[in-house]
>>> print(open('target05.txt').read())   # compact mmCIF, C-alpha atoms
# COMPACT_ATOMS: atom_id res chain seq x y z
CA MET W 1 21.29 -27.47 -100.27
CA LYS W 2 22.23 -23.81 -100.08
CA LYS W 3 21.36 -21.93 -96.91
CA GLU W 4 20.05 -18.40 -97.08
CA ASN W 5 18.77 -15.91 -94.55
CA ASN W 6 15.11 -15.19 -95.12
CA SER W 7 12.72 -13.52 -92.71
CA ARG W 8 9.63 -15.14 -94.20
CA PRO W 9 8.95 -18.85 -93.66
CA LEU W 10 9.36 -21.10 -96.68
CA ILE W 11 6.27 -23.24 -97.22
CA LEU W 12 6.35 -26.29 -99.50
CA VAL W 13 2.97 -27.25 -100.96
CA THR W 14 1.96 -30.39 -102.81
CA ASN W 15 -1.10 -32.57 -103.38
CA ASP W 16 -2.20 -35.77 -105.09
CA ASP W 17 -4.95 -34.30 -107.29
CA GLY W 18 -2.56 -32.48 -109.61
CA ILE W 19 -1.61 -28.86 -110.28
CA LYS W 20 -5.04 -27.95 -111.69
CA ALA W 21 -7.01 -29.08 -108.63
CA GLY W 22 -9.27 -26.48 -107.02
CA GLY W 23 -8.20 -27.46 -103.51
CA LEU W 24 -4.61 -26.53 -104.28
CA GLU W 25 -5.61 -23.04 -105.41
CA PHE W 26 -7.61 -22.38 -102.24
CA LEU W 27 -4.81 -23.68 -100.04
CA VAL W 28 -2.18 -21.46 -101.65
CA LYS W 29 -4.35 -18.39 -101.05
CA VAL W 30 -4.32 -19.22 -97.35
CA LEU W 31 -0.59 -19.96 -97.14
CA LYS W 32 0.66 -16.85 -98.95
CA GLN W 33 -0.13 -14.77 -95.87
CA PHE W 34 2.24 -16.92 -93.77
CA GLY W 35 5.33 -17.07 -95.99
CA ASP W 36 6.86 -17.67 -99.39
CA VAL W 37 5.16 -20.56 -101.15
CA VAL W 38 6.72 -23.11 -103.46
CA ILE W 39 4.31 -25.57 -105.05
CA VAL W 40 5.77 -28.84 -106.29
CA ALA W 41 2.81 -30.93 -107.41
CA PRO W 42 2.05 -33.83 -109.77
CA ASN W 43 1.18 -32.94 -113.36
CA GLU W 44 -1.94 -35.11 -113.04
CA SER W 45 -3.92 -37.00 -110.41
CA TYR W 46 -1.96 -39.49 -108.32
CA SER W 47 -4.70 -40.33 -105.82
CA GLY W 48 -4.28 -43.52 -103.83
CA MET W 49 -0.49 -43.56 -104.19
CA SER W 50 0.16 -43.56 -100.43
CA HIS W 51 3.98 -43.38 -100.01
CA ALA W 52 4.82 -44.64 -103.49
CA ILE W 53 7.98 -43.39 -105.21
CA THR W 54 9.14 -43.57 -108.83
CA VAL W 55 12.23 -45.71 -109.43
CA LYS W 56 11.85 -47.15 -112.94
CA THR W 57 11.37 -43.98 -114.99
CA PRO W 58 13.04 -40.54 -114.86
CA LEU W 59 11.39 -37.61 -113.17
CA TYR W 60 10.96 -34.22 -114.82
CA ALA W 61 10.26 -30.94 -113.02
CA LYS W 62 9.07 -27.91 -114.96
CA LEU W 63 8.82 -24.39 -113.51
CA VAL W 64 5.35 -23.30 -114.60
CA LYS W 65 5.00 -20.01 -112.73
CA GLU W 66 7.12 -17.62 -110.69
CA LYS W 67 5.62 -14.42 -109.34
CA GLY W 68 6.31 -12.54 -106.15
CA GLY W 69 6.71 -15.01 -103.31
CA LEU W 70 5.19 -17.89 -105.27
CA LYS W 71 6.75 -20.60 -107.44
CA LEU W 72 4.93 -23.48 -109.13
CA TYR W 73 6.59 -26.65 -110.43
CA LYS W 74 4.87 -29.62 -112.02
CA VAL W 75 6.38 -33.10 -111.77
CA ASN W 76 5.57 -36.37 -113.55
CA GLY W 77 5.60 -38.28 -110.28
CA THR W 78 3.81 -39.12 -107.06
CA PRO W 79 3.25 -36.70 -104.18
CA VAL W 80 6.20 -38.23 -102.31
CA ASP W 81 8.35 -37.86 -105.45
CA CYS W 82 7.41 -34.18 -105.43
CA VAL W 83 8.48 -33.74 -101.81
CA LYS W 84 11.76 -35.57 -102.30
CA LEU W 85 12.58 -33.63 -105.45
CA ALA W 86 11.71 -30.32 -103.80
CA ILE W 87 13.86 -30.91 -100.73
CA ASN W 88 16.87 -32.35 -102.54
CA VAL W 89 16.91 -30.39 -105.81
CA LEU W 90 14.45 -27.55 -106.30
CA LEU W 91 14.59 -25.59 -103.04
CA ASP W 92 17.52 -23.50 -101.87
CA ARG W 93 16.78 -24.20 -98.20
CA LYS W 94 14.82 -26.57 -96.03
CA PRO W 95 11.11 -25.68 -95.82
CA ASP W 96 9.76 -24.41 -92.53
CA LEU W 97 6.43 -26.09 -93.23
CA LEU W 98 4.99 -28.65 -95.63
CA VAL W 99 1.28 -28.61 -96.47
CA SER W 100 -0.46 -31.19 -98.66
CA GLY W 101 -3.93 -30.75 -100.17
CA ILE W 102 -6.60 -29.65 -99.99
CA ASN W 103 -7.62 -33.11 -101.17
CA HIS W 104 -10.88 -33.78 -102.98
CA GLY W 105 -12.40 -36.50 -100.77
CA THR W 106 -11.93 -38.00 -97.35
CA ASN W 107 -8.69 -39.33 -95.91
CA SER W 108 -10.12 -40.13 -92.49
CA SER W 109 -9.85 -43.41 -90.59
CA ILE W 110 -8.09 -46.20 -92.49
CA SER W 111 -8.07 -44.17 -95.72
CA LEU W 112 -4.98 -42.30 -94.55
CA HIS W 113 -2.91 -45.42 -95.33
CA TYR W 114 -3.88 -45.24 -99.01
CA SER W 115 -3.70 -41.48 -99.37
CA GLY W 116 -1.10 -39.70 -101.49
CA THR W 117 -2.05 -36.50 -99.66
CA VAL W 118 -1.12 -38.03 -96.31
CA GLY W 119 1.90 -39.79 -97.85
CA ALA W 120 3.37 -36.40 -98.77
CA ALA W 121 2.86 -35.13 -95.21
CA ARG W 122 4.50 -38.27 -93.87
CA GLU W 123 7.50 -37.72 -96.14
CA GLY W 124 7.80 -34.19 -94.79
CA ALA W 125 7.86 -35.50 -91.24
CA LEU W 126 10.54 -38.02 -92.24
CA ASN W 127 12.65 -35.00 -93.15
CA GLN W 128 11.97 -33.25 -89.84
CA ILE W 129 9.62 -30.70 -91.43
CA PRO W 130 6.36 -29.81 -89.65
CA SER W 131 3.77 -31.25 -92.03
CA ILE W 132 -0.01 -31.22 -92.48
CA GLY W 133 -2.36 -33.00 -94.87
CA PHE W 134 -5.78 -31.41 -95.51
CA SER W 135 -8.79 -33.15 -97.06
CA LEU W 136 -12.37 -32.07 -97.76
CA LEU W 137 -15.15 -34.65 -97.75
CA ASN W 138 -16.25 -33.75 -101.27
CA TYR W 139 -15.09 -35.53 -104.43
CA ARG W 140 -16.60 -33.12 -106.96
CA HIS W 141 -14.24 -31.11 -109.17
CA ASP W 142 -16.28 -27.98 -108.42
CA ALA W 143 -16.27 -28.44 -104.63
CA ASP W 144 -16.47 -25.29 -102.50
CA PHE W 145 -13.31 -25.04 -100.38
CA THR W 146 -14.27 -21.83 -98.55
CA GLU W 147 -14.91 -23.46 -95.17
CA ALA W 148 -11.99 -25.85 -95.63
CA SER W 149 -9.74 -22.83 -96.21
CA ARG W 150 -10.90 -21.31 -92.95
CA ILE W 151 -10.03 -24.47 -91.04
CA ALA W 152 -6.68 -24.75 -92.85
CA GLU W 153 -5.79 -21.18 -91.92
CA HIS W 154 -6.48 -21.89 -88.25
CA VAL W 155 -4.45 -25.11 -88.13
CA VAL W 156 -1.50 -23.67 -90.08
CA LYS W 157 -1.36 -20.68 -87.77
CA VAL W 158 -1.14 -22.94 -84.71
CA VAL W 159 1.54 -25.18 -86.26
CA ILE W 160 3.69 -22.22 -87.35
CA ASN W 161 3.54 -20.75 -83.84
CA ASP W 162 3.83 -24.00 -81.89
CA LYS W 163 5.67 -26.34 -84.33
CA LEU W 164 5.09 -30.09 -84.01
CA PRO W 165 7.02 -32.76 -82.10
CA SER W 166 9.63 -34.55 -84.19
CA GLY W 167 8.25 -37.62 -85.95
CA THR W 168 4.71 -36.26 -85.94
CA PHE W 169 2.44 -34.94 -88.68
CA LEU W 170 -1.23 -33.98 -88.86
CA ASN W 171 -4.06 -35.52 -90.88
CA VAL W 172 -6.88 -32.98 -91.03
CA ASN W 173 -10.25 -33.88 -92.53
CA ILE W 174 -13.01 -31.32 -93.04
CA PRO W 175 -16.73 -32.05 -93.45
CA ASP W 176 -18.55 -30.73 -96.50
CA CYS W 177 -20.93 -28.37 -94.72
CA ASP W 178 -21.44 -24.63 -94.28
CA PRO W 179 -20.59 -23.59 -91.74
CA VAL W 180 -18.14 -26.11 -90.31
CA LYS W 181 -18.83 -26.01 -86.56
CA GLY W 182 -15.16 -25.95 -85.61
CA ALA W 183 -12.18 -28.27 -85.26
CA ARG W 184 -11.57 -31.09 -82.80
CA VAL W 185 -8.48 -33.16 -81.99
CA ALA W 186 -9.36 -36.82 -82.46
CA ARG W 187 -7.96 -40.29 -82.86
CA GLN W 188 -8.16 -42.36 -86.03
CA SER W 189 -11.34 -44.41 -86.17
CA LYS W 190 -11.09 -48.14 -86.71
CA GLY W 191 -12.66 -48.96 -90.05
CA LYS W 192 -12.22 -50.86 -93.27
CA TRP W 193 -12.93 -50.61 -96.97
CA VAL W 194 -15.23 -53.36 -98.22
CA GLU W 195 -13.76 -53.77 -101.69
CA GLU W 196 -15.72 -54.81 -104.71
CA PHE W 197 -14.57 -55.26 -108.30
CA VAL W 198 -16.77 -54.49 -111.28
CA GLU W 199 -16.04 -57.09 -113.96
CA ARG W 200 -16.23 -56.07 -117.62
CA GLU W 201 -15.05 -57.35 -120.96
CA ASP W 202 -12.93 -55.52 -123.53
CA PRO W 203 -13.52 -55.73 -127.34
CA ARG W 204 -11.14 -58.71 -127.54
CA GLY W 205 -13.10 -60.71 -124.99
CA ARG W 206 -10.63 -60.25 -122.14
CA LYS W 207 -11.98 -59.65 -118.67
CA TYR W 208 -10.90 -56.53 -116.78
CA TYR W 209 -11.82 -55.07 -113.41
CA TRP W 210 -12.54 -51.67 -111.85
CA LEU W 211 -11.97 -51.36 -108.10
CA THR W 212 -14.89 -49.93 -106.15
CA GLY W 213 -16.33 -50.47 -102.68
CA HIS W 214 -17.57 -48.67 -99.59
CA PHE W 215 -16.21 -47.68 -96.17
CA GLU W 216 -17.44 -49.24 -92.94
CA ASN W 217 -16.85 -47.54 -89.59
CA MET W 218 -16.12 -50.24 -87.01
CA GLU W 219 -16.57 -47.87 -84.04
CA THR W 220 -19.95 -46.29 -84.63
CA GLU W 221 -20.53 -45.76 -80.89
CA ALA W 222 -17.14 -44.13 -80.15
CA LYS W 223 -17.21 -40.39 -79.43
CA ASP W 224 -13.52 -39.50 -79.70
CA THR W 225 -12.74 -40.45 -83.32
CA ASP W 226 -12.32 -38.55 -86.55
CA GLU W 227 -15.43 -40.21 -88.00
CA TYR W 228 -17.51 -39.13 -85.00
CA TYR W 229 -16.55 -35.47 -85.24
CA LEU W 230 -16.86 -35.36 -89.03
CA ASN W 231 -20.40 -36.72 -88.78
CA LYS W 232 -21.16 -33.99 -86.21
CA GLY W 233 -19.97 -31.22 -88.55
CA TYR W 234 -16.50 -30.65 -87.07
CA ALA W 235 -13.11 -30.86 -88.74
CA ALA W 236 -11.05 -33.71 -87.28
CA ILE W 237 -7.35 -33.20 -86.52
CA VAL W 238 -5.53 -36.51 -86.04
CA PRO W 239 -1.88 -36.44 -84.90
CA CYS W 240 0.03 -39.21 -86.67
CA GLN W 241 3.48 -40.64 -85.93
CA LEU W 242 6.25 -42.17 -87.97
CA ASP W 243 7.16 -44.91 -85.51
CA ALA W 244 4.92 -47.89 -86.33
CA THR W 245 6.09 -49.97 -83.36
CA ASN W 246 3.31 -51.54 -81.29
CA PHE W 247 4.82 -50.82 -77.90
CA ASN W 248 2.01 -52.57 -76.02
CA LEU W 249 2.94 -55.82 -77.76
CA LEU W 250 6.65 -55.76 -76.89
CA PRO W 251 6.35 -57.24 -73.35
CA TYR W 252 3.95 -59.95 -74.56
CA MET W 253 6.26 -61.01 -77.39
CA LYS W 254 9.16 -61.30 -74.97
CA GLU W 255 7.02 -63.46 -72.68
CA GLN W 256 6.05 -65.68 -75.62
CA ASN W 257 9.70 -66.52 -76.34
CA TYR W 258 9.96 -64.75 -79.68
CA GLU W 259 13.52 -63.86 -78.78
CA LEU W 260 16.33 -66.30 -79.40
>>> encode(input="target05.txt", output="structure tokens")
Amino acid sequence: MKKENNSRPLILVTNDDGIKAGGLEFLVKVLKQFGDVVIVAPNESYSGMSHAITVKTPLYAKLVKEKGGLKLYKVNGTPVDCVKLAINVLLDRKPDLLVSGINHGTNSSISLHYSGTVGAAREGALNQIPSIGFSLLNYRHDADFTEASRIAEHVVKVVINDKLPSGTFLNVNIPDCDPVKGARVARQSKGKWVEEFVEREDPRGRKYYWLTGHFENMETEAKDTDEYYLNKGYAAIVPCQLDATNFNLLPYMKEQNYEL
């Protein structure tokens, strides 16, 4: 990767809703005031891809737009594919910031594990890049991202000025209300998706299934979680880490003779 001197920060942007998503457009408008923006995004929706990568088919990257301090590439791959391709091939230097979103729909609580939006931010953190994933609690294609943009601007400004500890990235969820009351730092709520499958039959008589379901918050009384603040009209900022070790369990496992 070629190194160049550049006074403006280089900001890598991606998402999992595809290059035509409204949330991406709003996010780029915010980020252009902070630096030069390079968008490397999927050519279509890759929602629910988490940290998936493409290994069985080739990837293609096409430069769609280049104007001023903005470049836009589309890629036939997942959000994490986009980040990897950007860092290793498309960019001439390491990004100063990676921002993913603004996603159509929530990625709070347990949903962050399924999210391609959050997966892209995680991949940025794996490459020692300060990274943020933004999501709005609205699934409609015509969602209004005005308030989400205001929250994104605030969080990006703080991260650019203060950076983030190594191995950390942010998962920011924003309620669909006007105005959003503010932003609060929170922990991930314990919850689960109760999954249901709709069974149907194709013209040849074969059964097929559509995944559906609903989310259940398992900590409805807690007042320090992302779900709590979102329900109160605040954006929830959850700091996430790469190290998945359960440190509290280490002493117990040693006592229980796991070691040989």
>>> closest_residue(input="target05.txt", among="W:Lys32, W:Pro179, W:Val89, W:Gly48", to="Leu211 in chain W", atoms="all atoms listed in the file")
W:Gly48
>>> closest_residue(input="target05.txt", among="W:Glu196, W:Asp144, W:Asp96, W:Glu255", to="Val38 in chain W", atoms="all atoms listed in the file")
W:Asp96
>>> closest_residue(input="target05.txt", among="W:Ala222, W:Leu260, W:Leu91, W:Ala125", to="Thr168 in chain W", atoms="all atoms listed in the file")
W:Ala125
>>> atom_distance(input="target05.txt", atom1="CA of Lys181 in chain W", atom2="CA of Ala235 in chain W")
7.8 Å
>>> closest_atom_pairs(input="target05.txt", of="range 157-244 of chain W", to="range 115-121 of chain W", cutoff="10 Å", atoms="all atoms listed in the file", output="tab-separated table")
residue	atom	partner	partner_atom	distance
W:Thr168	CA	W:Ala121	CA	9.5
W:Phe169	CA	W:Ala121	CA	6.5
W:Leu170	CA	W:Ala121	CA	7.6
W:Asn171	CA	W:Val118	CA	6.7
W:Val172	CA	W:Val118	CA	9.3
W:Cys240	CA	W:Val118	CA	9.8
>>> residues_near_point(input="target05.txt", point="(13.4, -31.1, -116.7)", cutoff="10 Å", atoms="only C-alpha atoms", output="ChimeraX atom specification")
/W:58-63,74-76
>>> closest_residue(input="target05.txt", among="W:Glu123, W:Asp226, W:Glu44, W:Asp92", to="Ser111 in chain W", atoms="all atoms listed in the file")
W:Asp226
>>> atom_distance(input="target05.txt", atom1="CA of Ala86 in chain W", atom2="CA of Val13 in chain W")
9.7 Å
>>> closest_residue(input="target05.txt", among="W:Lys207, W:Arg200, W:Lys65, W:Lys29", to="Ala148 in chain W", atoms="all atoms listed in the file")
W:Lys29
>>> atom_distance(input="target05.txt", atom1="CA of Asp202 in chain W", atom2="CA of Tyr46 in chain W")
24.7 Å
>>> closest_residue(input="target05.txt", among="W:Phe26, W:His141, W:Ser189, W:Ile19", to="Glu221 in chain W", atoms="all atoms listed in the file")
W:Ser189
>>> residues_around(input="target05.txt", residues="Trp193 in chain W", least_positions_apart="2", cutoff="12 Å", atoms="all atoms listed in the file", output="ChimeraX atom specification")
/W:108-114,190-191,195-196,211-218
>>> residues_around(input="target05.txt", residues="Asn173 in chain W", least_positions_apart="3", cutoff="10 Å", atoms="all atoms listed in the file", output="ChimeraX atom specification")
/W:102-103,105-109,133-137,148,151-152,170,176,183,226-227,229-230,234-238
>>> residues_around(input="target05.txt", residues="Val159 in chain W", least_positions_apart="6", cutoff="10 Å", atoms="only C-alpha atoms", output="JSON, numbers by chain")
{"W": [97, 130, 131, 132, 170]}
